[in-house]
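First up is the structure itself, then whatever we jot down about it.
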Amino acid sequence: MARTTSQNQNEKNKVGAFFLATLILWFVSVLFEIFFNKRTELLWIVAGACLFQIANWVIRSFVSRDPLFVNTSVSLLHSTIISVSVVSVLVNQCLKNGSDGMFEHSQLVGGTWEWAYAALCFSCGYFAYDQLDMLFYRLYSGLIPSILVHHMILLVCFTLALYRNVTINYLILTLVCELHSIFLHVRKVRRMAGIRNAKSTIVRIEWVLNWLTFIFARSLTHILITIKLVADAPKFEKGVELPLALFGMAGMNIINVGLGIDLFNAFKREKSSENSNHHDE
């Protein structure tokens with residue numbers, strides 16, 4: 001038993017070391033772009049990482065020292081900020097230029113809506129911060145932790161797009177899913193806070209919003225983006241943009257399937273708990 005535990009610990013250490021190494025390489029590449037290639041617009045990445053780290057310290061100092069609670073609370077903050085940012089970018093674009101041609105291939109690949117670049121950088125900074133926080137407090141499990149893989153893929157896709165200044169608008173559309181992430185994190189925080197009464201009106205409303213945003217803001221949005229990429233494939237120039245975009249969306253859609261299954265199982269558990277409590281009364 002002790003030997004198995006030791007082996008698992010060694011494997012976890014190796015996994016952590018690998019993802020930490022990739023994060024350091026990513027960070028060095030960002031600093032190189034900022035200081036040597038004079039890409040000052042990428043400072044939004046640093047700003048994002050610093051803001052969420054400060055939020056981490058504040059929550060840890062004044063609310064709770066539980067690493068998972070702190071991590072989830074900061075994730076909730078990120079989802080809220082980015083959701084507001086993405087909706088603002090889309091509404092601003094519609095009001096200024098109308099929706100005509102907004103989702104044309106040339107706009108999605110070569111164009112950049114106002115404040116879209118900064119919003120994408122800011123979100124990129126969060127994923128870097130979150131990856132480091134999960135590695136530091138070991139908030140992951142398994143030989144190939146899906147959450148660390150997810151963050152690594154996003155960091156690679158986002159930063160390559162930011163460096164080349166392409167597909168920025170496509171990536172902003174993928175972040176519409178953060179509307180659903182708000183309710184995922186709200187559910188997690190309220191359960192950690194001990195609010196688990198499935199018959200509560202607030203909890204029921206939360207579940208309705210959870211399912212609606214999962215279907216429309218996450219699943220449907222990502223499926224439509226994938227369909228658009230496939231339909232516009234001949235319009236892409238030769239390069240890494242299309243393969244990388246298709247790879248990224250395939251990964252997101254697979255993750256969404258797993259997320260949907262987890263969400264359904266969690267919903268069933270809470271309903272079962274509600275029925276059990278009802279029979280006990």
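Letters A, B, ... mark the chains of the structure tokens in the order given; residue numbers begin at 1 per chain; ligand numbers begin at 1, in order shown.
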Open item on the list: Need the shell around segment 111-123 of chain A: protein/DNA/RNA residues with any atom at most 10 Å away, counting only C-alpha atoms. Skip same-chain ones fewer than 3 positions apart. Format as a PyMOL selection string?
Closed with: chain A and resi 41-52+78-79+81-83+85-86+88-90+92-93+102+104-108+126-129+154-155+158-159+161-162+165-173+175
Open item on the list: When you count only C-alpha atoms, which of these residues is closest to Leu244 of chain A: A:Asp66, A:Ile153, A:Tyr140, A:Arg196?
Closed with: A:Ile153
- [ ] Could you give me the residues within segment 151-215 of chain A that DSSP places in helix (DSSP H, G or I), as number ranges by chain?
- [x] A: 151-164, 168-192, 201-215
Open item on the list: Just checking: using only C-alpha atoms, which residue out of A:Lys228, A:Lys96, A:Arg138, A:Lys271 ends up closest to Phe19 of chain A?
Closed with: A:Arg138
TODO: May I have the residues within 10 Å of Asn210 of chain A as a ChimeraX atom specification, using only C-alpha atoms and disregarding those fewer than 5 positions away in the same chain?
DONE: /A:179-184,186-187,204-205,215,263
Task: Polymer residues at most 9 Å from Thr174 of chain A, only C-alpha atoms, same-chain spacing of 4 or more positions, as number ranges by chain - done: A: 169-170, 178, 218, 221-222, 225, 249
Take the residues from that selection and write them out as a short mmCIF file (atom, residue, chain, number, x, y, z; two decimals), in the first residue's frame, keeping N, CA and C atoms.
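The new file selection_33.cif reads:
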```cif
data_model
loop_
_atom_site.label_atom_id
_atom_site.label_comp_id
_atom_site.auth_asym_id
_atom_site.auth_seq_id
_atom_site.Cartn_x
_atom_site.Cartn_y
_atom_site.Cartn_z
N ASN A 169 -10.75 37.03 -33.65
CA ASN A 169 -12.21 37.06 -33.49
C ASN A 169 -12.81 35.67 -33.32
N TYR A 170 -12.23 34.69 -34.00
CA TYR A 170 -12.66 33.30 -33.81
C TYR A 170 -12.50 32.90 -32.34
N GLU A 178 -17.62 31.01 -21.51
CA GLU A 178 -17.37 31.44 -20.14
C GLU A 178 -18.66 31.83 -19.42
N ARG A 218 -22.08 27.19 -24.57
CA ARG A 218 -20.91 26.33 -24.71
C ARG A 218 -21.05 25.36 -25.89
N THR A 221 -22.41 26.88 -29.40
CA THR A 221 -21.43 27.86 -29.90
C THR A 221 -20.21 27.15 -30.49
N HIS A 222 -19.67 26.18 -29.76
CA HIS A 222 -18.49 25.47 -30.23
C HIS A 222 -18.78 24.60 -31.45
N ILE A 225 -18.99 27.01 -34.43
CA ILE A 225 -17.64 27.46 -34.81
C ILE A 225 -16.93 26.37 -35.59
N MET A 249 -10.66 23.08 -31.68
CA MET A 249 -12.11 22.92 -31.56
C MET A 249 -12.50 21.46 -31.33
#
```
Task: Straight-line distance linking atom CA of Leu246 of chain A with atom CA of Ile24 of chain A, stated in Å to one decimal - done: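 Atom CA of Ile24 of chain A lies 25.9 Å from atom CA of Leu246 of chain A.
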